[in-house]
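A.B. asks: The file below is final.tsv, TSV, C-alpha atoms and all ligand atoms:
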chain	number	residue	atom	x	y	z
A	1	MET	CA	-6.28	14.58	19.98
A	2	LEU	CA	-5.71	13.46	16.38
A	3	SER	CA	-9.49	13.22	16.05
A	4	ARG	CA	-9.40	12.36	12.35
A	5	VAL	CA	-7.63	9.14	13.25
A	6	LEU	CA	-10.05	6.46	14.27
A	7	GLY	CA	-9.04	4.43	17.33
A	8	HIS	CA	-5.36	3.84	18.16
A	9	ASP	CA	-5.78	5.52	21.55
A	10	GLY	CA	-2.65	3.83	22.89
A	11	ALA	CA	-0.45	5.38	20.23
A	12	LYS	CA	-2.14	8.78	20.67
A	13	ASP	CA	-1.59	8.69	24.43
A	14	ARG	CA	2.00	7.67	24.01
A	15	PHE	CA	2.80	10.58	21.71
A	16	ALA	CA	0.80	13.01	23.87
A	17	ARG	CA	2.76	12.02	26.98
A	18	THR	CA	6.13	12.05	25.24
A	19	ILE	CA	5.50	15.42	23.64
A	20	ALA	CA	4.18	16.95	26.87
A	21	ALA	CA	7.33	15.77	28.60
A	22	GLY	CA	9.46	17.25	25.81
A	23	ARG	CA	10.96	13.84	25.13
A	24	LEU	CA	10.04	13.17	21.55
A	25	ALA	CA	12.61	10.84	19.98
A	26	SER	CA	13.99	11.58	16.54
A	27	THR	CA	12.77	8.42	14.76
A	28	TYR	CA	9.61	6.39	15.13
A	29	LEU	CA	8.65	3.26	13.27
A	30	LEU	CA	4.88	2.86	13.02
A	31	VAL	CA	4.01	-0.78	12.32
A	32	GLY	CA	0.74	-2.68	11.94
A	33	PRO	CA	-1.50	-4.25	9.29
A	34	ALA	CA	-2.27	-2.33	6.11
A	35	GLY	CA	-5.30	-0.06	5.89
A	36	ILE	CA	-5.77	0.67	9.59
A	37	GLY	CA	-4.72	4.32	9.58
A	38	LYS	CA	-0.97	4.43	10.30
A	39	ARG	CA	-0.17	6.77	7.41
A	40	LEU	CA	-3.08	9.02	8.37
A	41	PHE	CA	-1.78	8.99	11.95
A	42	ALA	CA	1.68	10.09	10.81
A	43	GLY	CA	0.20	12.84	8.63
A	44	GLU	CA	-2.08	14.14	11.36
A	45	LEU	CA	0.70	14.05	13.94
A	46	ALA	CA	2.93	16.04	11.60
A	47	ALA	CA	0.12	18.50	10.90
A	48	ALA	CA	-0.52	18.96	14.62
A	49	LEU	CA	3.17	19.56	15.32
A	50	VAL	CA	3.53	22.22	12.63
A	51	CYS	CA	0.15	23.88	13.35
A	52	GLU	CA	0.64	27.54	14.22
A	53	ARG	CA	-2.12	27.70	16.81
A	54	ASP	CA	-2.36	25.24	19.69
A	55	GLY	CA	-1.93	22.09	17.61
A	56	PRO	CA	1.48	21.19	19.02
A	57	THR	CA	0.13	21.12	22.60
A	58	THR	CA	-3.34	19.67	22.00
A	59	LEU	CA	-2.12	17.31	19.26
A	60	GLU	CA	-5.01	18.48	17.14
A	61	PRO	CA	-4.32	20.46	13.98
A	62	CYS	CA	-6.57	23.52	14.25
A	63	GLY	CA	-7.43	23.22	10.54
A	64	ARG	CA	-7.65	27.00	10.12
A	65	CYS	CA	-4.17	28.49	10.37
A	66	ASP	CA	-1.97	28.90	7.30
A	67	ALA	CA	0.20	25.98	8.35
A	68	CYS	CA	-2.83	23.70	8.63
A	69	GLN	CA	-4.05	24.81	5.22
A	70	LEU	CA	-0.64	23.98	3.77
A	71	SER	CA	-0.57	20.64	5.56
A	72	SER	CA	-3.96	19.60	4.29
A	73	ALA	CA	-2.86	20.46	0.74
A	74	GLY	CA	0.26	18.35	1.28
A	75	ALA	CA	2.34	21.47	0.74
A	76	HIS	CA	3.79	22.40	4.13
A	77	PRO	CA	7.48	23.12	3.51
A	78	ASP	CA	8.55	21.45	6.75
A	79	VAL	CA	6.62	18.23	6.22
A	80	LEU	CA	8.51	16.01	3.79
A	81	ALA	CA	6.86	12.83	2.59
A	82	VAL	CA	8.22	10.00	0.48
A	83	ALA	CA	6.67	6.71	-0.59
A	84	ARG	CA	7.47	3.92	-2.99
A	85	PRO	CA	6.47	5.14	-6.46
A	86	GLU	CA	3.93	3.06	-8.31
A	87	GLY	CA	5.54	0.36	-10.41
A	88	ARG	CA	8.70	0.25	-8.27
A	89	SER	CA	9.39	-2.67	-5.99
A	90	SER	CA	11.44	-0.70	-3.47
A	91	LEU	CA	12.06	2.84	-2.24
A	92	PRO	CA	14.43	4.41	-4.81
A	93	LEU	CA	17.81	5.67	-3.62
A	94	GLU	CA	17.37	9.07	-5.28
A	95	LEU	CA	14.38	9.87	-3.07
A	96	PHE	CA	16.80	9.95	-0.15
A	97	ILE	CA	20.07	11.29	-1.53
A	98	GLY	CA	19.05	12.88	-4.82
A	99	PRO	CA	19.65	11.84	-8.46
A	100	PRO	CA	23.22	10.84	-9.49
A	101	ASP	CA	24.16	14.34	-10.67
A	102	LYS	CA	22.92	15.96	-7.47
A	103	ARG	CA	23.95	13.38	-4.88
A	104	HIS	CA	23.56	14.66	-1.34
A	105	ARG	CA	22.38	18.02	-2.64
A	106	GLU	CA	18.80	16.87	-3.02
A	107	GLY	CA	16.60	14.18	-1.55
A	108	LEU	CA	15.01	13.61	1.82
A	109	CYS	CA	18.24	13.34	3.84
A	110	HIS	CA	19.45	16.68	2.49
A	111	ASP	CA	16.10	18.41	2.87
A	112	LEU	CA	15.70	17.19	6.43
A	113	SER	CA	19.06	18.69	7.38
A	114	LEU	CA	17.91	22.18	6.39
A	115	ARG	CA	16.62	24.63	8.94
A	116	PRO	CA	12.81	24.56	9.33
A	117	MET	CA	11.13	27.17	7.16
A	118	ARG	CA	7.97	27.88	9.14
A	119	ALA	CA	7.60	25.39	11.95
A	120	GLY	CA	9.70	24.50	14.96
A	121	ARG	CA	10.91	21.32	13.31
A	122	ARG	CA	11.15	19.44	10.04
A	123	ILE	CA	9.25	16.20	9.80
A	124	ALA	CA	9.83	13.36	7.34
A	125	ILE	CA	7.16	10.76	6.71
A	126	ILE	CA	8.57	7.67	5.02
A	127	ASP	CA	5.77	5.42	3.83
A	128	ASP	CA	6.28	1.84	2.60
A	129	ALA	CA	9.16	1.29	5.01
A	130	ASP	CA	8.71	-2.44	4.31
A	131	ASP	CA	10.27	-1.80	0.94
A	132	PHE	CA	13.70	-0.50	1.82
A	133	GLY	CA	16.53	-1.98	-0.22
A	134	VAL	CA	19.81	-2.38	1.62
A	135	GLU	CA	21.52	0.40	-0.33
A	136	THR	CA	18.73	2.89	0.32
A	137	ALA	CA	18.54	1.94	3.98
A	138	ASN	CA	22.28	2.48	4.29
A	139	ALA	CA	21.92	5.91	2.71
A	140	LEU	CA	19.39	6.82	5.37
A	141	LEU	CA	21.44	5.35	8.18
A	142	LYS	CA	23.65	8.37	8.75
A	143	THR	CA	20.55	10.56	9.12
A	144	LEU	CA	19.08	8.12	11.63
A	145	GLU	CA	22.32	7.93	13.59
A	146	GLU	CA	22.89	11.66	13.68
A	147	PRO	CA	19.44	13.17	13.22
A	148	PRO	CA	19.55	16.84	12.28
A	149	PRO	CA	18.52	19.08	15.18
A	150	ARG	CA	14.78	19.72	15.33
A	151	SER	CA	13.91	16.86	13.00
A	152	LEU	CA	11.44	14.04	13.34
A	153	ILE	CA	11.28	10.94	11.16
A	154	LEU	CA	8.14	8.83	11.00
A	155	LEU	CA	8.56	5.51	9.20
A	156	VAL	CA	5.40	3.64	8.28
A	157	GLY	CA	5.50	-0.12	7.68
A	158	THR	CA	3.47	-3.24	8.25
A	159	SER	CA	5.17	-6.00	10.24
A	160	LEU	CA	8.25	-5.49	12.33
A	161	ALA	CA	9.75	-8.60	10.75
A	162	ARG	CA	9.82	-6.84	7.39
A	163	GLN	CA	11.99	-3.97	8.63
A	164	LEU	CA	15.74	-4.04	8.14
A	165	SER	CA	17.48	-4.46	11.48
A	166	THR	CA	19.63	-1.37	10.82
A	167	ILE	CA	16.52	0.80	10.69
A	168	ARG	CA	14.60	-1.04	13.35
A	169	SER	CA	17.37	-0.74	15.91
A	170	ARG	CA	17.52	3.02	15.45
A	171	SER	CA	13.79	3.65	15.78
A	172	GLN	CA	11.25	3.74	18.54
A	173	VAL	CA	8.66	1.16	17.55
A	174	VAL	CA	4.98	2.07	17.82
A	175	ARG	CA	2.66	-0.86	17.20
A	176	PHE	CA	-0.77	-0.37	15.65
A	177	ARG	CA	-3.41	-3.07	16.03
A	178	PRO	CA	-6.30	-3.86	13.68
A	179	LEU	CA	-9.41	-1.84	14.43
A	180	ALA	CA	-12.48	-3.36	16.04
A	181	ASP	CA	-15.26	-4.37	13.61
A	182	GLU	CA	-17.46	-1.58	15.02
A	183	GLN	CA	-14.76	1.01	14.29
A	184	VAL	CA	-14.34	-0.26	10.73
A	185	GLU	CA	-18.11	-0.20	10.31
A	186	ALA	CA	-18.31	3.40	11.55
A	187	ALA	CA	-15.48	4.49	9.23
A	188	LEU	CA	-17.04	2.68	6.32
A	189	SER	CA	-20.43	4.31	6.90
A	190	ALA	CA	-18.72	7.70	7.06
A	191	LEU	CA	-16.95	7.01	3.75
A	192	HIS	CA	-19.98	5.51	1.99
A	193	GLY	CA	-23.07	7.27	3.29
A	194	ASP	CA	-25.32	5.28	0.96
A	195	LEU	CA	-24.24	1.90	2.30
A	196	PRO	CA	-27.09	0.14	4.15
A	197	PRO	CA	-26.12	-0.46	7.82
A	198	HIS	CA	-26.31	-4.26	7.55
A	199	GLU	CA	-24.01	-4.14	4.51
A	200	ALA	CA	-21.50	-1.94	6.36
A	201	GLN	CA	-21.59	-4.38	9.25
A	202	ARG	CA	-21.05	-7.38	6.99
A	203	LEU	CA	-18.15	-5.78	5.11
A	204	ALA	CA	-16.57	-4.68	8.39
A	205	GLN	CA	-16.65	-8.28	9.57
A	206	LEU	CA	-14.99	-9.39	6.34
A	207	ALA	CA	-12.27	-6.77	6.50
A	208	GLY	CA	-10.25	-8.03	9.46
A	209	GLY	CA	-9.84	-4.67	11.16
A	210	SER	CA	-8.76	-2.77	8.07
A	211	VAL	CA	-10.76	0.22	6.86
A	212	GLY	CA	-8.78	0.10	3.63
A	213	ARG	CA	-9.85	-3.45	2.93
A	214	ALA	CA	-13.47	-2.75	3.90
A	215	ALA	CA	-13.54	0.24	1.57
A	216	GLY	CA	-12.11	-1.94	-1.20
A	217	LEU	CA	-14.89	-4.44	-0.64
A	218	ALA	CA	-17.51	-1.72	-0.53
A	219	GLU	CA	-16.23	-0.21	-3.73
A	220	GLY	CA	-17.46	-3.16	-5.57
A	221	ASP	CA	-15.15	-6.13	-5.24
A	222	LEU	CA	-17.70	-8.25	-3.53
A	223	VAL	CA	-20.77	-6.65	-5.03
A	224	ALA	CA	-19.34	-7.03	-8.52
A	225	ALA	CA	-18.25	-10.59	-7.78
A	226	CYS	CA	-21.79	-11.52	-6.66
A	227	ARG	CA	-23.22	-9.95	-9.80
A	228	GLU	CA	-20.85	-11.93	-12.02
A	229	VAL	CA	-21.68	-15.22	-10.36
A	230	LEU	CA	-25.43	-14.63	-10.36
A	231	SER	CA	-25.35	-13.59	-13.99
A	232	CYS	CA	-24.17	-17.04	-15.01
A	233	LEU	CA	-26.26	-18.98	-12.53
A	234	ASP	CA	-28.90	-19.68	-15.15
A	235	SER	CA	-26.35	-21.05	-17.54
A	236	ALA	CA	-25.05	-23.41	-14.83
A	237	ARG	CA	-27.45	-26.02	-16.25
A	238	THR	CA	-26.06	-25.88	-19.73
A	239	GLU	CA	-22.54	-24.66	-19.04
A	240	PRO	CA	-21.53	-25.97	-15.62
A	241	LEU	CA	-17.86	-25.52	-16.43
A	242	ARG	CA	-18.31	-21.82	-17.08
A	243	PHE	CA	-20.24	-21.42	-13.84
A	244	ALA	CA	-17.53	-23.24	-11.88
A	245	GLN	CA	-14.81	-21.12	-13.46
A	246	THR	CA	-16.63	-17.88	-12.71
A	247	LEU	CA	-17.31	-18.87	-9.12
A	248	GLU	CA	-13.71	-19.82	-8.52
A	249	GLN	CA	-12.36	-16.76	-10.30
A	250	GLN	CA	-14.58	-14.44	-8.30
A	251	SER	CA	-13.61	-16.01	-4.98
A	252	LYS	CA	-9.96	-15.50	-5.90
A	253	ALA	CA	-10.68	-11.84	-6.59
A	254	ALA	CA	-10.67	-11.32	-2.81
A	255	GLY	CA	-6.88	-11.54	-2.80
A	256	THR	CA	-4.20	-14.09	-2.17
A	257	GLU	CA	-4.95	-14.76	1.49
A	258	PRO	CA	-6.72	-18.13	1.80
A	259	ARG	CA	-8.85	-16.81	4.65
A	260	LEU	CA	-10.18	-13.95	2.49
A	261	ARG	CA	-10.85	-16.24	-0.44
A	262	ARG	CA	-12.77	-18.62	1.75
A	263	ARG	CA	-14.89	-15.79	3.11
A	264	GLN	CA	-15.48	-14.46	-0.38
A	265	LEU	CA	-16.60	-17.88	-1.60
A	266	HIS	CA	-18.83	-18.11	1.45
A	267	GLU	CA	-20.43	-14.79	0.51
A	268	LEU	CA	-20.85	-15.87	-3.11
A	269	LEU	CA	-22.47	-19.17	-2.15
A	270	GLY	CA	-24.73	-17.20	0.17
A	271	ALA	CA	-25.78	-14.95	-2.72
A	272	VAL	CA	-26.51	-17.98	-4.91
A	273	ALA	CA	-28.54	-19.61	-2.13
A	274	ARG	CA	-30.56	-16.42	-1.59
A	275	ARG	CA	-31.30	-16.17	-5.31
A	276	LEU	CA	-32.46	-19.79	-5.50
A	277	HIS	CA	-34.54	-19.32	-2.40
A	278	GLU	CA	-36.24	-16.24	-3.84
A	279	ARG	CA	-37.12	-18.21	-6.96
A	280	LEU	CA	-38.40	-21.06	-4.89
A	281	LEU	CA	-40.76	-18.72	-3.08
A	282	GLU	CA	-42.00	-17.38	-6.39
A	283	SER	CA	-42.60	-20.79	-7.93
A	284	SER	CA	-45.74	-22.78	-7.25
A	285	THR	CA	-45.15	-25.69	-4.94
A	286	ASP	CA	-45.01	-29.30	-6.11
A	287	THR	CA	-43.98	-28.42	-9.61
A	288	PRO	CA	-40.94	-29.75	-11.48
A	289	THR	CA	-39.44	-26.24	-11.24
A	290	ALA	CA	-39.81	-26.17	-7.47
A	291	ASP	CA	-38.25	-29.63	-7.22
A	292	ARG	CA	-35.33	-28.56	-9.33
A	293	LEU	CA	-34.81	-25.42	-7.29
A	294	LEU	CA	-34.90	-27.42	-4.06
A	295	GLU	CA	-32.27	-29.78	-5.41
A	296	ALA	CA	-30.12	-26.87	-6.49
A	297	LEU	CA	-30.50	-25.25	-3.10
A	298	ASP	CA	-29.46	-28.51	-1.45
A	299	ALA	CA	-26.35	-28.58	-3.59
A	300	VAL	CA	-25.43	-25.04	-2.55
A	301	ILE	CA	-26.02	-25.80	1.13
A	302	ASP	CA	-23.78	-28.85	0.81
A	303	ALA	CA	-21.11	-26.69	-0.78
A	304	GLU	CA	-21.38	-24.20	2.10
A	305	GLU	CA	-20.94	-27.03	4.56
A	306	ALA	CA	-17.95	-28.37	2.66
A	307	LEU	CA	-16.42	-24.90	2.72
A	308	ALA	CA	-16.91	-24.69	6.46
A	309	ARG	CA	-15.09	-28.03	6.77
A	310	ASN	CA	-12.21	-26.56	4.79
A	311	VAL	CA	-12.64	-28.86	1.80
A	312	ASN	CA	-10.49	-27.86	-1.20
A	313	GLN	CA	-12.25	-24.94	-2.86
A	314	SER	CA	-11.73	-25.99	-6.48
A	315	ALA	CA	-13.08	-29.44	-5.69
A	316	LEU	CA	-16.21	-28.16	-3.97
A	317	VAL	CA	-16.90	-25.62	-6.69
A	318	GLN	CA	-16.55	-28.36	-9.30
A	319	ARG	CA	-18.88	-30.66	-7.44
A	320	LEU	CA	-21.44	-27.90	-7.01
A	321	ALA	CA	-21.38	-27.12	-10.74
A	322	GLU	CA	-21.88	-30.79	-11.61
A	323	ARG	CA	-24.85	-31.06	-9.28
A	324	LEU	CA	-26.43	-27.86	-10.58
A	325	ALA	CA	-26.11	-29.24	-14.09
A	326	ARG	CA	-27.85	-32.46	-13.06
A	327	CYS	CA	-30.70	-30.50	-11.44
A	328	ALA	CA	-31.63	-29.39	-14.91
A	329	ALA	CA	-32.19	-32.93	-16.15
A	401	ZN	ZN	-3.38	25.07	12.67
Output the file's structure as structure tokens, nothing else.
C.D. replies:
Amino acid sequence: MLSRVLGHDGAKDRFARTIAAGRLASTYLLVGPAGIGKRLFAGELAAALVCERDGPTTLEPCGRCDACQLSSAGAHPDVLAVARPEGRSSLPLELFIGPPDKRHREGLCHDLSLRPMRAGRRIAIIDDADDFGVETANALLKTLEEPPPRSLILLVGTSLARQLSTIRSRSQVVRFRPLADEQVEAALSALHGDLPPHEAQRLAQLAGGSVGRAAGLAEGDLVAACREVLSCLDSARTEPLRFAQTLEQQSKAAGTEPRLRRRQLHELLGAVARRLHERLLESSTDTPTADRLLEALDAVIDAEEALARNVNQSALVQRLAERLARCAA
């Protein structure tokens, strides 16, 4: 049942039961954190329902029939999908009711009202449901209130609080929870076969149940950030300000969420500590170099402790840079 979708067994069971009982509602609102597979779920559900073999009963697109081929190319005539175009802050009105010169003769609401071309029903997938403007939502309202026969609308959004009440009240809400770390790790390993298992595990722990976020991290955010910081570690002695700026900049690259930034900084400090430790092992003991490295390592460990105590990040980065500069003296 929807085997390409990782986890979300509750939602799968719910749809399986409802479909088996012939009681599928006309509109569902799929909500949950970003990057956990809601859009994939909607796409796979649609593909299963339009599959021309036993997909509609097993809820598994067979992958071989013509309908499945069309679905996987995003070209099934009865599966209509809209999303917020890049660069736009909300779902444009014309996506739903057509451009001004073709009002109500084009757009999703019109297309959904047409008779299915191949399948038993027409299905609309509306992504970015968080980004409905009032006018666009109102344009969709009539369709939600009087859904065309044999139509199914799947809205995909993040939190329920971000949905307009007019849409929310006319939808069946299906909640999606973040995935378990192990599930994220498995998905990540499947996506990036070359990722060492311990790295996949670490990224999964950082990603807060989102495969999308873990993939983003794996694709270089963190790796690149570590590289940047380490590349200016040597200059920390002569240019502490530059080191501090790089460290802070790279911890902010994790996003706007304070929790993510803190974890990123934690990872970066960890990378610096490992580098210093490696050098310490290479250096001969009781030399000025070893002393300096030990001092530097102490400074990093103190910074890690300060981070764990939730000390202001700019302040602790600044202090670390000052201490690293003094180690050079
Ligand atoms: Zn099929």
A.B. asks: For atom CA of Cys327 of chain A and atom CA of Glu295 of chain A, determine how far apart the two atoms are, in Å to one decimal place.
C.D. replies: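 It comes out at 6.3 Å.
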A.B. asks: Can you list, as a PyMOL selection string, every protein, DNA or RNA residue that comes within 12 Å of Asn138 of chain A when you count all atoms listed in the file, leaving out same-chain residues fewer than 2 positions away?
C.D. replies: chain A and resi 93+96-97+109+132-136+140-145+164-167
A.B. asks: Would you list the residues that come within 7 Å of ligand ZN 401 (chain A)? Count all atoms listed in the file and give the answer as a PyMOL selection string.
C.D. replies: chain A and resi 51-53+55+61-68
A.B. asks: May I ask for the distance between atom CA of Arg323 of chain A and atom CA of Pro240 of chain A, given in Å to one decimal place?
C.D. replies: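 Taking atom CA of Arg323 of chain A and atom CA of Pro240 of chain A, their separation equals 8.8 Å.
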A.B. asks: With a distance cut-off of 10 Å and only C-alpha atoms, select the neighbouring residues of segment 201-203 of chain A, excluding the residue or stretch itself and same-chain residues fewer than 6 positions from it, and output the selection as a list of chain:residue names.
C.D. replies: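 With the cut-off at 10 Å, the set is A:Asp181, A:Glu182, A:Val184, A:Glu185, A:Ala186, A:Leu188, A:Ser189, A:Leu195, A:Val211, A:Arg213, A:Ala214, A:Ala215, A:Gly216, A:Leu217, A:Ala218, A:Leu222, A:Glu267.
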A.B. asks: Show which residues sit within 12 Å of Val173 of chain A, as a PyMOL selection string. Count only C-alpha atoms, and ignore same-chain residues fewer than 6 positions away.
C.D. replies: chain A and resi 11+14-15+25-32+153-161+163+167
